[in-house]
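Asks: Coordinates in final.csv, CSV, C-alpha atoms, are listed below.
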```csv
chain,number,residue,atom,x,y,z
A,1,GLU,CA,180.4,228.4,2.9
A,2,PRO,CA,176.6,229.2,2.5
A,3,GLU,CA,177.1,232.9,3.4
A,4,LYS,CA,178.9,233.4,0.1
A,5,GLY,CA,175.9,232.2,-1.9
A,6,LEU,CA,174.4,229.1,-3.5
A,7,PHE,CA,177.4,228.1,-5.7
A,8,GLU,CA,179.9,230.9,-4.9
A,9,GLY,CA,180.7,229.2,-1.6
A,10,ILE,CA,181.7,225.9,-3.1
A,11,THR,CA,185.5,225.2,-3.1
A,12,ALA,CA,187.5,222.1,-3.9
A,13,ARG,CA,191.0,220.7,-4.1
A,14,TRP,CA,192.7,217.4,-4.7
A,15,ASN,CA,194.9,216.2,-1.9
A,16,ASP,CA,197.2,219.0,-0.9
A,17,GLY,CA,196.7,221.0,-4.1
A,18,PRO,CA,195.4,224.6,-4.1
A,19,TRP,CA,191.8,225.4,-3.5
A,20,PHE,CA,189.7,226.5,-6.5
A,21,GLN,CA,186.1,227.3,-7.2
A,22,PRO,CA,184.2,225.0,-9.6
A,23,MET,CA,181.1,227.3,-9.8
A,24,ALA,CA,182.4,230.8,-9.1
A,25,GLY,CA,179.7,233.4,-9.9
A,26,GLY,CA,177.0,230.8,-10.2
A,27,ASP,CA,173.6,231.5,-8.5
A,28,ILE,CA,169.9,231.3,-8.8
A,29,ARG,CA,168.3,233.5,-11.5
A,30,LEU,CA,165.2,235.3,-10.3
A,31,ASP,CA,162.5,237.2,-12.2
A,32,PRO,CA,162.5,240.1,-11.6
A,33,PRO,CA,166.2,240.0,-10.8
A,34,THR,CA,167.2,240.6,-7.2
A,35,ALA,CA,170.3,242.6,-6.6
A,36,GLY,CA,173.0,241.0,-4.5
A,37,THR,CA,172.9,237.7,-2.7
A,38,ALA,CA,170.1,237.1,-0.2
A,39,PRO,CA,171.3,236.5,3.4
A,40,VAL,CA,171.5,233.0,4.8
A,41,ALA,CA,168.4,232.3,6.9
A,42,SER,CA,169.7,229.0,8.2
A,43,ALA,CA,172.4,226.4,7.7
A,44,ALA,CA,172.8,223.1,9.4
A,45,LEU,CA,175.1,220.0,8.9
A,46,ALA,CA,173.6,216.7,9.9
A,47,GLN,CA,174.6,213.2,8.8
A,48,GLY,CA,177.0,214.4,6.1
A,49,ARG,CA,174.3,216.7,4.6
A,50,LEU,CA,174.5,220.5,4.6
A,51,THR,CA,171.1,222.1,4.3
A,52,ALA,CA,171.0,225.9,3.7
A,53,ARG,CA,168.2,228.4,3.2
A,54,TRP,CA,168.4,231.9,1.8
A,55,GLN,CA,165.7,234.5,2.6
A,56,GLY,CA,165.2,237.7,0.6
A,57,PRO,CA,162.2,238.8,-1.4
A,58,VAL,CA,162.2,235.2,-2.5
A,59,GLU,CA,163.2,232.1,-0.5
A,60,TRP,CA,165.2,229.2,-1.8
A,61,GLN,CA,167.2,226.3,-0.3
A,62,ALA,CA,169.8,223.8,-1.1
A,63,ALA,CA,171.1,220.5,0.2
A,64,TYR,CA,174.8,219.5,-0.3
A,65,PHE,CA,176.2,216.0,0.1
A,66,LEU,CA,179.1,214.0,-1.2
A,67,ARG,CA,178.7,210.9,-3.3
A,68,GLY,CA,182.2,209.6,-4.0
A,69,GLY,CA,184.1,212.3,-5.8
A,70,THR,CA,180.9,214.2,-6.6
A,71,LEU,CA,179.2,217.0,-4.7
A,72,VAL,CA,175.5,216.7,-5.2
A,73,VAL,CA,173.5,220.0,-4.9
A,74,ASP,CA,169.7,219.8,-4.7
A,75,VAL,CA,168.1,223.2,-5.1
A,76,VAL,CA,164.5,224.1,-4.6
A,77,CYS,CA,162.7,227.5,-5.0
A,78,LYS,CA,158.9,227.5,-4.9
A,79,GLY,CA,156.5,230.1,-6.2
A,80,GLY,CA,157.6,230.4,-9.8
A,81,SER,CA,159.9,233.3,-9.2
A,82,ALA,CA,163.1,231.4,-10.3
A,83,ALA,CA,164.0,231.8,-14.0
A,84,GLY,CA,166.7,229.1,-13.6
A,85,LEU,CA,170.2,228.5,-12.4
A,86,GLY,CA,173.5,229.9,-13.6
A,87,PHE,CA,176.4,227.5,-13.1
A,88,GLY,CA,179.2,230.1,-13.1
A,89,ARG,CA,182.7,229.1,-14.0
A,90,VAL,CA,185.8,227.2,-12.8
A,91,LEU,CA,188.1,229.7,-11.2
A,92,GLY,CA,191.6,229.2,-9.8
A,93,LEU,CA,192.3,225.8,-11.3
A,94,PRO,CA,196.1,225.6,-11.9
A,95,GLU,CA,196.9,225.2,-15.6
A,96,GLY,CA,193.2,224.9,-16.3
A,97,ARG,CA,191.8,224.5,-19.8
A,98,ALA,CA,188.5,223.4,-21.2
A,99,ILE,CA,188.1,220.3,-23.3
A,100,THR,CA,185.3,219.0,-25.4
A,101,VAL,CA,183.8,215.5,-25.0
A,102,PRO,CA,182.2,214.7,-28.4
A,103,TYR,CA,179.2,212.7,-27.2
A,104,LEU,CA,178.5,214.7,-24.1
A,105,THR,CA,175.7,217.1,-25.0
A,106,TYR,CA,172.3,218.3,-23.8
A,107,GLY,CA,171.1,219.3,-27.2
A,108,THR,CA,173.3,222.1,-28.7
A,109,GLY,CA,176.2,219.8,-29.5
A,110,ARG,CA,178.6,222.3,-28.2
A,111,GLY,CA,178.7,221.5,-24.5
A,112,PRO,CA,179.0,221.0,-21.6
A,113,LEU,CA,182.8,221.1,-21.4
A,114,VAL,CA,185.1,219.4,-18.9
A,115,ALA,CA,187.9,221.3,-17.2
A,116,CYS,CA,191.4,219.8,-17.2
A,117,GLY,CA,193.9,221.1,-14.6
A,118,LYS,CA,197.4,220.3,-13.4
A,119,GLU,CA,196.3,217.2,-11.5
A,120,VAL,CA,192.5,216.9,-11.9
A,121,PHE,CA,189.5,217.0,-14.1
A,122,VAL,CA,186.3,218.9,-13.2
A,123,SER,CA,182.7,218.6,-14.5
A,124,VAL,CA,179.6,220.6,-13.6
A,125,LEU,CA,176.4,218.9,-14.9
A,126,SER,CA,172.7,219.2,-14.5
A,127,ASP,CA,170.9,216.0,-13.7
A,128,TRP,CA,167.8,216.1,-15.9
A,129,TYR,CA,166.2,213.2,-14.1
A,130,HIS,CA,165.8,215.6,-11.1
A,131,SER,CA,164.9,218.8,-13.0
A,132,ARG,CA,161.6,220.6,-13.7
A,133,CYS,CA,163.3,223.1,-16.1
A,134,SER,CA,162.2,224.1,-19.5
A,135,ARG,CA,165.7,223.9,-21.0
A,136,ILE,CA,169.2,222.8,-19.9
A,137,TRP,CA,171.5,225.3,-21.6
A,138,ASP,CA,174.8,223.5,-22.1
A,139,LEU,CA,176.4,226.1,-24.3
A,140,PRO,CA,179.3,227.6,-22.2
A,141,PRO,CA,179.0,231.4,-21.8
A,142,LYS,CA,181.9,233.7,-22.6
A,143,VAL,CA,183.8,234.8,-19.4
A,144,ALA,CA,186.7,237.2,-18.9
A,145,ASP,CA,188.5,234.8,-16.5
A,146,GLY,CA,188.2,231.2,-15.5
A,147,LEU,CA,186.6,228.3,-17.5
A,148,ALA,CA,182.9,228.2,-18.2
A,149,LEU,CA,181.7,224.6,-18.7
A,150,MET,CA,178.0,225.2,-19.3
A,151,ASP,CA,175.5,228.0,-18.7
A,152,GLY,CA,172.8,226.4,-16.5
A,153,THR,CA,169.0,225.9,-16.7
A,154,ASP,CA,166.1,228.0,-17.8
A,155,TYR,CA,162.5,228.1,-16.6
A,156,TYR,CA,160.1,229.6,-19.2
A,157,PRO,CA,156.6,230.8,-18.3
A,158,LEU,CA,153.9,228.2,-19.0
A,159,THR,CA,150.8,229.0,-21.1
A,160,ASP,CA,149.2,230.5,-18.0
A,161,GLY,CA,152.1,232.8,-17.5
A,162,ARG,CA,153.4,231.0,-14.4
A,163,ARG,CA,156.6,229.0,-14.1
A,164,ASN,CA,157.2,225.6,-12.6
A,165,ASP,CA,158.7,225.6,-9.1
A,166,LEU,CA,162.4,225.3,-9.5
A,167,GLN,CA,163.8,221.9,-8.6
A,168,GLU,CA,167.3,221.1,-9.7
A,169,ARG,CA,170.1,218.6,-9.0
A,170,VAL,CA,173.6,219.8,-9.9
A,171,LEU,CA,176.6,217.3,-10.0
A,172,VAL,CA,180.0,218.8,-9.3
A,173,THR,CA,182.8,216.2,-9.7
A,174,VAL,CA,186.6,216.6,-9.2
A,175,SER,CA,188.8,213.6,-9.9
A,176,PRO,CA,192.3,212.8,-11.3
A,177,GLU,CA,190.5,210.1,-13.4
A,178,PHE,CA,188.8,211.5,-16.5
A,179,THR,CA,186.2,208.8,-16.7
A,180,GLU,CA,185.0,209.7,-13.1
A,181,VAL,CA,183.9,213.2,-14.2
A,182,LEU,CA,181.6,211.9,-17.0
A,183,PRO,CA,178.0,211.1,-16.4
A,184,ASN,CA,176.9,207.5,-15.8
A,185,ILE,CA,173.3,206.3,-16.3
A,186,PRO,CA,173.1,202.8,-14.9
A,187,ASN,CA,170.2,201.6,-17.0
A,188,PRO,CA,169.3,197.9,-16.5
A,189,PRO,CA,170.7,195.6,-19.1
A,190,SER,CA,168.4,194.9,-22.0
A,191,PRO,CA,166.8,191.4,-21.9
A,192,HIS,CA,167.7,191.2,-25.6
A,193,MET,CA,171.3,192.0,-25.2
A,194,GLU,CA,172.8,188.5,-25.6
A,195,ARG,CA,170.6,187.8,-28.6
A,196,LEU,CA,171.3,191.1,-30.4
A,197,ALA,CA,175.0,191.7,-29.4
A,198,PRO,CA,176.5,189.8,-32.4
A,199,TYR,CA,174.4,191.9,-34.9
A,200,MET,CA,175.3,194.9,-36.9
A,201,PHE,CA,172.5,197.4,-37.3
A,202,VAL,CA,172.2,198.8,-40.9
A,203,MET,CA,169.7,201.4,-42.0
A,204,ALA,CA,169.0,201.6,-45.7
A,205,SER,CA,167.2,204.4,-47.5
A,206,TYR,CA,164.6,202.1,-49.3
A,207,MET,CA,163.8,198.5,-49.9
A,208,GLN,CA,167.1,197.1,-51.1
A,209,PRO,CA,167.0,193.3,-51.2
A,210,GLN,CA,170.1,193.2,-53.4
A,211,LEU,CA,172.1,195.1,-50.8
A,212,TRP,CA,171.3,192.4,-48.2
A,213,ARG,CA,172.1,189.6,-50.6
A,214,THR,CA,175.5,191.2,-51.3
A,215,MET,CA,176.3,191.6,-47.7
A,216,LYS,CA,175.4,188.0,-47.1
A,217,ARG,CA,177.6,186.9,-50.0
A,218,TYR,CA,180.5,188.7,-48.4
A,219,GLY,CA,180.1,186.8,-45.2
A,220,LEU,CA,178.1,189.2,-43.0
A,221,ASP,CA,175.8,186.7,-41.3
A,222,HIS,CA,174.6,188.9,-38.4
A,223,VAL,CA,172.7,192.0,-39.7
A,224,MET,CA,169.7,193.8,-38.3
A,225,THR,CA,168.1,195.6,-41.3
A,226,CYS,CA,166.0,198.7,-41.1
A,227,ASP,CA,164.6,201.2,-43.6
A,228,PHE,CA,164.7,205.0,-43.0
A,229,ALA,CA,161.0,205.6,-43.1
A,230,ARG,CA,160.8,204.8,-46.8
A,231,PHE,CA,158.0,202.3,-46.1
A,232,TYR,CA,155.9,205.3,-45.2
A,233,VAL,CA,157.0,208.2,-47.4
A,234,GLN,CA,158.5,209.1,-50.7
A,235,ASP,CA,159.2,212.7,-49.7
A,236,PHE,CA,160.0,213.4,-46.0
A,237,ALA,CA,157.9,216.6,-46.1
A,238,GLU,CA,154.9,214.2,-46.2
A,239,GLY,CA,155.4,213.5,-42.5
A,240,PHE,CA,156.5,210.0,-41.6
A,241,ALA,CA,156.0,210.2,-37.8
A,242,GLY,CA,153.8,207.7,-35.9
A,243,ARG,CA,152.8,205.8,-39.0
A,244,TRP,CA,152.3,202.1,-39.4
A,245,ARG,CA,150.5,201.8,-42.8
A,246,PRO,CA,152.9,201.8,-45.8
A,247,HIS,CA,152.9,204.6,-48.3
A,248,PRO,CA,150.1,204.4,-50.9
A,249,SER,CA,152.7,203.5,-53.6
A,250,LEU,CA,153.4,200.3,-51.6
A,251,THR,CA,151.0,197.5,-50.5
A,252,MET,CA,151.2,195.6,-47.3
A,253,GLU,CA,151.9,192.4,-49.3
A,254,GLN,CA,155.0,194.0,-50.9
A,255,ILE,CA,156.3,194.8,-47.4
A,256,ARG,CA,155.6,191.2,-46.3
A,257,ASP,CA,157.4,189.8,-49.4
A,258,TYR,CA,160.4,192.1,-48.7
A,259,ARG,CA,160.4,190.9,-45.1
A,260,ARG,CA,160.4,187.2,-46.2
A,261,VAL,CA,163.5,187.9,-48.4
A,262,VAL,CA,165.3,189.5,-45.5
A,263,LYS,CA,164.4,186.8,-43.0
A,264,GLY,CA,165.4,184.2,-45.6
A,265,LEU,CA,168.9,185.5,-45.4
A,266,GLY,CA,168.9,185.0,-41.7
A,267,TYR,CA,168.8,188.7,-41.0
A,268,GLY,CA,166.6,190.6,-38.6
A,269,PHE,CA,163.9,192.8,-40.1
A,270,GLY,CA,163.3,196.3,-38.8
A,271,ALA,CA,160.8,199.1,-39.4
A,272,TYR,CA,161.4,202.7,-38.6
A,273,SER,CA,159.0,204.6,-36.3
A,274,ASP,CA,159.4,208.2,-35.2
A,275,LEU,CA,157.2,209.0,-32.2
A,276,ARG,CA,158.6,212.4,-31.1
A,277,ASP,CA,157.2,214.2,-34.2
A,278,TRP,CA,153.5,213.7,-35.0
A,279,PHE,CA,151.9,213.9,-38.5
A,280,PRO,CA,148.5,215.7,-38.3
A,281,LEU,CA,147.0,213.3,-40.9
A,282,ASN,CA,148.0,210.3,-38.8
A,283,GLU,CA,145.0,208.3,-37.8
A,284,PHE,CA,146.0,208.6,-34.1
A,285,PHE,CA,146.5,212.4,-34.2
A,286,ASP,CA,145.0,214.4,-31.3
A,287,GLU,CA,146.0,218.0,-30.9
A,288,ASN,CA,145.2,217.8,-27.2
A,289,CYS,CA,148.2,215.5,-27.0
A,290,VAL,CA,150.6,217.9,-28.7
A,291,SER,CA,153.2,220.0,-26.8
A,292,LEU,CA,152.4,223.7,-26.6
A,293,THR,CA,154.8,226.7,-26.7
A,294,SER,CA,154.7,229.2,-23.9
A,295,GLU,CA,152.3,231.3,-26.0
A,296,GLY,CA,149.9,228.3,-26.3
A,297,ASP,CA,150.7,227.4,-29.9
A,298,LEU,CA,151.3,223.9,-31.1
A,299,THR,CA,155.0,223.1,-31.1
A,300,GLU,CA,156.3,222.4,-34.6
A,301,GLY,CA,158.6,219.5,-35.2
A,302,TRP,CA,159.9,218.0,-38.5
A,303,TYR,CA,158.4,219.5,-41.6
A,304,GLY,CA,154.6,219.2,-41.5
A,305,ASN,CA,154.8,217.6,-38.0
A,306,PHE,CA,154.1,218.7,-34.5
A,307,ARG,CA,155.8,217.5,-31.3
A,308,ALA,CA,153.9,215.0,-29.2
A,309,LYS,CA,153.7,215.6,-25.4
A,310,PRO,CA,156.4,213.5,-23.7
A,311,ASN,CA,153.9,211.8,-21.4
A,312,TYR,CA,151.9,210.7,-24.5
A,313,LEU,CA,154.9,209.0,-26.2
A,314,PRO,CA,154.3,205.6,-24.5
A,315,VAL,CA,150.7,205.7,-25.5
A,316,LEU,CA,151.5,206.5,-29.1
A,317,ALA,CA,154.2,203.9,-29.2
A,318,ARG,CA,151.7,201.2,-28.0
A,319,LEU,CA,149.1,202.3,-30.6
A,320,VAL,CA,151.6,202.3,-33.5
A,321,GLY,CA,153.3,199.1,-32.4
A,322,GLU,CA,150.1,197.2,-32.0
A,323,LYS,CA,148.9,198.1,-35.5
A,324,ALA,CA,152.3,197.5,-37.0
A,325,HIS,CA,152.6,194.0,-35.5
A,326,GLU,CA,149.2,193.2,-36.9
A,327,GLY,CA,150.3,194.4,-40.3
A,328,TYR,CA,153.9,193.1,-40.6
A,329,ALA,CA,154.8,190.3,-38.2
A,330,PRO,CA,155.1,189.8,-34.4
A,331,ASP,CA,158.9,189.4,-34.5
A,332,THR,CA,159.6,192.7,-36.3
A,333,VAL,CA,162.0,195.1,-34.6
A,334,TYR,CA,160.7,198.7,-34.5
A,335,MET,CA,163.4,201.4,-34.2
A,336,ASP,CA,162.6,204.8,-32.8
A,337,THR,CA,165.7,207.0,-33.3
A,338,HIS,CA,164.5,209.5,-30.7
```
Would you mind writing the file's structure down as structure tokens?
Replies:
Amino acid sequence: EPEKGLFEGITARWNDGPWFQPMAGGDIRLDPPTAGTAPVASAALAQGRLTARWQGPVEWQAAYFLRGGTLVVDVVCKGGSAAGLGFGRVLGLPEGRAITVPYLTYGTGRGPLVACGKEVFVSVLSDWYHSRCSRIWDLPPKVADGLALMDGTDYYPLTDGRRNDLQERVLVTVSPEFTEVLPNIPNPPSPHMERLAPYMFVMASYMQPQLWRTMKRYGLDHVMTCDFARFYVQDFAEGFAGRWRPHPSLTMEQIRDYRRVVKGLGYGFGAYSDLRDWFPLNEFFDENCVSLTSEGDLTEGWYGNFRAKPNYLPVLARLVGEKAHEGYAPDTVYMDTH
């Protein structure tokens, strides 16, 4: 019911159960805030797709369509007046309670939550593959009634004071099957899956040949070894990001000898590489490729590091990887934990 608002007009039920609102009170966030809900300028249903447009001091539109048990909501607001979306709360769900899914997080580690009712589960999720927001705020807000699952999305001003045009996709799912309300990212299978599936990945804190010999003696034949950046640093405040040369206390020949020991046990040899953070004394460092805050400052990362721009990560990965392959060996596995 578009006349009730962007999200307020969404209702759902399972079979003959009672109607409830999965996003009650949710709406677009404008800057400056606009009182009340803008009137519907147009709404049309065609080929299973409802397209609605609201016209007030600012114009925004949304397209609604079903994909299985999921209602997909695509929202667009141009001009930089939108500060984000508020996802509201689940209201009217019989015997409703919120449950935590341990691995399901957008960064805070405390959300989003999933609603569990008498017969169904409900999730409201932001699809970050179809978002231009600055931040997805998964922490559920406090509400007087109903169940808040996550807050929504925020659009911060850029360094020139303007915001991105709002572009969001929200996924609202209702199902009696818990697994159906969880997100699914159908990534293509890795070409290395069959070869690496039997292996156990083990990360050690430093070169520990005796550890690997002990594991081999105890019958662990399929192990992929990796150090935790100790090839590159002795103190993590030194900045281990994007490096490929070993720490000055180690020589390349020592790393190669260590690799020969590991490979001689039949184990895979791995080296750690962090590409999200960027050490300013790194030979590839370029401050033009560092992410900026809204105030135009370099974004700080791990101690002594800055955050690389996301679109520069593939370039940095190639630079580091090419040098590392030259130094260690062409069949070394490089692990980027981010």
Asks: Which residues are near Leu45 of chain A? Cut-off 10 Å, only C-alpha atoms, ignore same chain within fewer than 6 positions. Put them as a list in words.
Replies: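 Within the cut-off, the hits are Thr51, Ala52, Ala63, Tyr64 and Phe65 of chain A.
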Asks: Pull C-alpha atoms from the residues just selected and write them as a short mmCIF file (atom, residue, chain, number, x, y, z; two decimals), keeping the file's coordinate frame.
Replies:
```cif
data_model
loop_
_atom_site.label_atom_id
_atom_site.label_comp_id
_atom_site.auth_asym_id
_atom_site.auth_seq_id
_atom_site.Cartn_x
_atom_site.Cartn_y
_atom_site.Cartn_z
CA THR A 51 171.10 222.10 4.30
CA ALA A 52 171.00 225.90 3.70
CA ALA A 63 171.10 220.50 0.20
CA TYR A 64 174.80 219.50 -0.30
CA PHE A 65 176.20 216.00 0.10
#
```
Asks: Which residues, written as a VMD selection string, have at least one atom at most 12 Å from Tyr199 of chain A, with all atoms listed in the file counted and residues fewer than 2 positions away on the same chain left out?
Replies: chain A and resid 192 to 197 201 to 202 220 to 225 266 to 269
Asks: In Å to one decimal, how far is atom CA of Thr179 of chain A from atom CA of Leu125 of chain A?
Replies: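 One can read the atom CA of Leu125 of chain A to atom CA of Thr179 of chain A distance as 14.2 Å.
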Asks: Skipping near chain neighbours, those fewer than 4 positions away, what residues fall within 8 Å of Leu149 of chain A using only C-alpha atoms, listed as a list in words?
Replies: Arg89, Val90, Ala98, Gly111, Pro112, Leu113, Val114, Ala115, Ser123, Val124, Asp138, Leu139, Pro140 and Pro141 of chain A
Asks: Expressed in Å to a single decimal, how great is the separation between atom CA of Leu319 of chain A and atom CA of Val261 of chain A?
Replies: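 Result for atom CA of Leu319 of chain A versus atom CA of Val261 of chain A: 27.0 Å, one decimal.
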Asks: What gap, in Å, lies between atom CA of His130 of chain A and atom CA of Val170 of chain A?
Replies: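 So the answer is 8.9 Å.
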Asks: Could you pull out every residue with an atom within 9 Å of (161.0, 226.6, 3.5), file coordinates, counting only C-alpha atoms, and send them as an NGL selection string?
Replies: :A and (53 or 59-61 or 77-78)
Asks: What lies within 12 Å of Pro183 of chain A using only C-alpha atoms, ignoring chain neighbours under 2 positions off, as a PyMOL selection string?
Replies: chain A and resi 70+101+103-106+112+114+122-128+170-173+178-181+185-186
Asks: Those same residues - C-alpha atoms - I'd like them written as an mmCIF file, in the frame of the given file.
Replies:
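The result, written out as result_20.cif:
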```
data_model
loop_
_atom_site.group_PDB
_atom_site.id
_atom_site.type_symbol
_atom_site.label_atom_id
_atom_site.label_comp_id
_atom_site.auth_asym_id
_atom_site.auth_seq_id
_atom_site.Cartn_x
_atom_site.Cartn_y
_atom_site.Cartn_z
ATOM 1 C CA THR A 70 180.900 214.200 -6.600
ATOM 2 C CA VAL A 101 183.800 215.500 -25.000
ATOM 3 C CA TYR A 103 179.200 212.700 -27.200
ATOM 4 C CA LEU A 104 178.500 214.700 -24.100
ATOM 5 C CA THR A 105 175.700 217.100 -25.000
ATOM 6 C CA TYR A 106 172.300 218.300 -23.800
ATOM 7 C CA PRO A 112 179.000 221.000 -21.600
ATOM 8 C CA VAL A 114 185.100 219.400 -18.900
ATOM 9 C CA VAL A 122 186.300 218.900 -13.200
ATOM 10 C CA SER A 123 182.700 218.600 -14.500
ATOM 11 C CA VAL A 124 179.600 220.600 -13.600
ATOM 12 C CA LEU A 125 176.400 218.900 -14.900
ATOM 13 C CA SER A 126 172.700 219.200 -14.500
ATOM 14 C CA ASP A 127 170.900 216.000 -13.700
ATOM 15 C CA TRP A 128 167.800 216.100 -15.900
ATOM 16 C CA VAL A 170 173.600 219.800 -9.900
ATOM 17 C CA LEU A 171 176.600 217.300 -10.000
ATOM 18 C CA VAL A 172 180.000 218.800 -9.300
ATOM 19 C CA THR A 173 182.800 216.200 -9.700
ATOM 20 C CA PHE A 178 188.800 211.500 -16.500
ATOM 21 C CA THR A 179 186.200 208.800 -16.700
ATOM 22 C CA GLU A 180 185.000 209.700 -13.100
ATOM 23 C CA VAL A 181 183.900 213.200 -14.200
ATOM 24 C CA ILE A 185 173.300 206.300 -16.300
ATOM 25 C CA PRO A 186 173.100 202.800 -14.900
#
```
Asks: Select, counting all atoms listed in the file, all protein, DNA and RNA residues no farther than 9 Å from (162.6, 235.4, -1.9) in file coordinates, and express the selection as number ranges by chain.
Replies: A: 30, 34, 38, 54-60, 77, 81
Asks: Do you know which residues are at most 8 Å from segment 299-301 of chain A counting only C-alpha atoms, after dropping those on the same chain fewer than 6 positions away, and could you put them as a ChimeraX atom specification?
Replies: /A:277-278,290-293,307
Asks: From the options A:Ile136, A:Ala41, A:Leu298, A:Leu93, which residue's atoms come nearest to Asp151 of chain A, counting only C-alpha atoms?
Replies: A:Ile136
Asks: Which is closer to Gly80 of chain A than all the others in A:Gly117, A:Pro18, A:Gly161, A:Gly5, using all atoms listed in the file?
Replies: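 Ranked by minimum distance to Gly80 of chain A, first place goes to A:Gly161.
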Asks: Can you take the partial segment 111-129 of chain A, add N, CA and C atoms, and return it as a compact mmCIF listing (two decimals), keeping the file's coordinate frame?
Replies:
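Full text of out22.txt as output:
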```
# COMPACT_ATOMS: atom_id res chain seq x y z
N GLY A 111 178.43 221.56 -25.90
CA GLY A 111 178.70 221.50 -24.50
C GLY A 111 177.89 220.46 -23.81
N PRO A 112 178.10 220.26 -22.52
CA PRO A 112 179.00 221.00 -21.60
C PRO A 112 180.48 220.55 -21.88
N LEU A 113 181.39 221.37 -21.35
CA LEU A 113 182.80 221.10 -21.40
C LEU A 113 183.28 220.47 -20.11
N VAL A 114 184.49 219.95 -20.12
CA VAL A 114 185.10 219.40 -18.90
C VAL A 114 186.42 220.21 -18.71
N ALA A 115 186.69 220.61 -17.46
CA ALA A 115 187.90 221.30 -17.20
C ALA A 115 189.04 220.37 -16.85
N CYS A 116 190.19 220.66 -17.40
CA CYS A 116 191.40 219.80 -17.20
C CYS A 116 192.44 220.73 -16.52
N GLY A 117 192.87 220.38 -15.31
CA GLY A 117 193.90 221.10 -14.60
C GLY A 117 195.18 220.41 -14.50
N LYS A 118 196.03 220.87 -13.59
CA LYS A 118 197.40 220.30 -13.40
C LYS A 118 197.28 218.84 -12.96
N GLU A 119 196.36 218.54 -12.05
CA GLU A 119 196.30 217.20 -11.50
C GLU A 119 194.87 216.58 -11.63
N VAL A 120 193.86 217.40 -11.94
CA VAL A 120 192.50 216.90 -11.90
C VAL A 120 191.65 217.32 -13.06
N PHE A 121 190.52 216.64 -13.19
CA PHE A 121 189.50 217.00 -14.10
C PHE A 121 188.27 217.48 -13.31
N VAL A 122 187.47 218.38 -13.89
CA VAL A 122 186.30 218.90 -13.20
C VAL A 122 185.13 218.96 -14.17
N SER A 123 183.97 218.52 -13.69
CA SER A 123 182.70 218.60 -14.50
C SER A 123 181.64 219.22 -13.60
N VAL A 124 180.77 220.01 -14.21
CA VAL A 124 179.60 220.60 -13.60
C VAL A 124 178.41 220.24 -14.47
N LEU A 125 177.52 219.37 -14.02
CA LEU A 125 176.40 218.90 -14.90
C LEU A 125 175.08 219.00 -14.20
N SER A 126 174.08 219.22 -15.02
CA SER A 126 172.70 219.20 -14.50
C SER A 126 172.15 217.79 -14.70
N ASP A 127 171.50 217.30 -13.67
CA ASP A 127 170.90 216.00 -13.70
C ASP A 127 169.43 216.13 -14.15
N TRP A 128 169.15 215.86 -15.43
CA TRP A 128 167.80 216.10 -15.90
C TRP A 128 166.75 215.19 -15.36
N TYR A 129 167.17 214.11 -14.71
CA TYR A 129 166.20 213.20 -14.10
C TYR A 129 165.64 213.88 -12.79
```
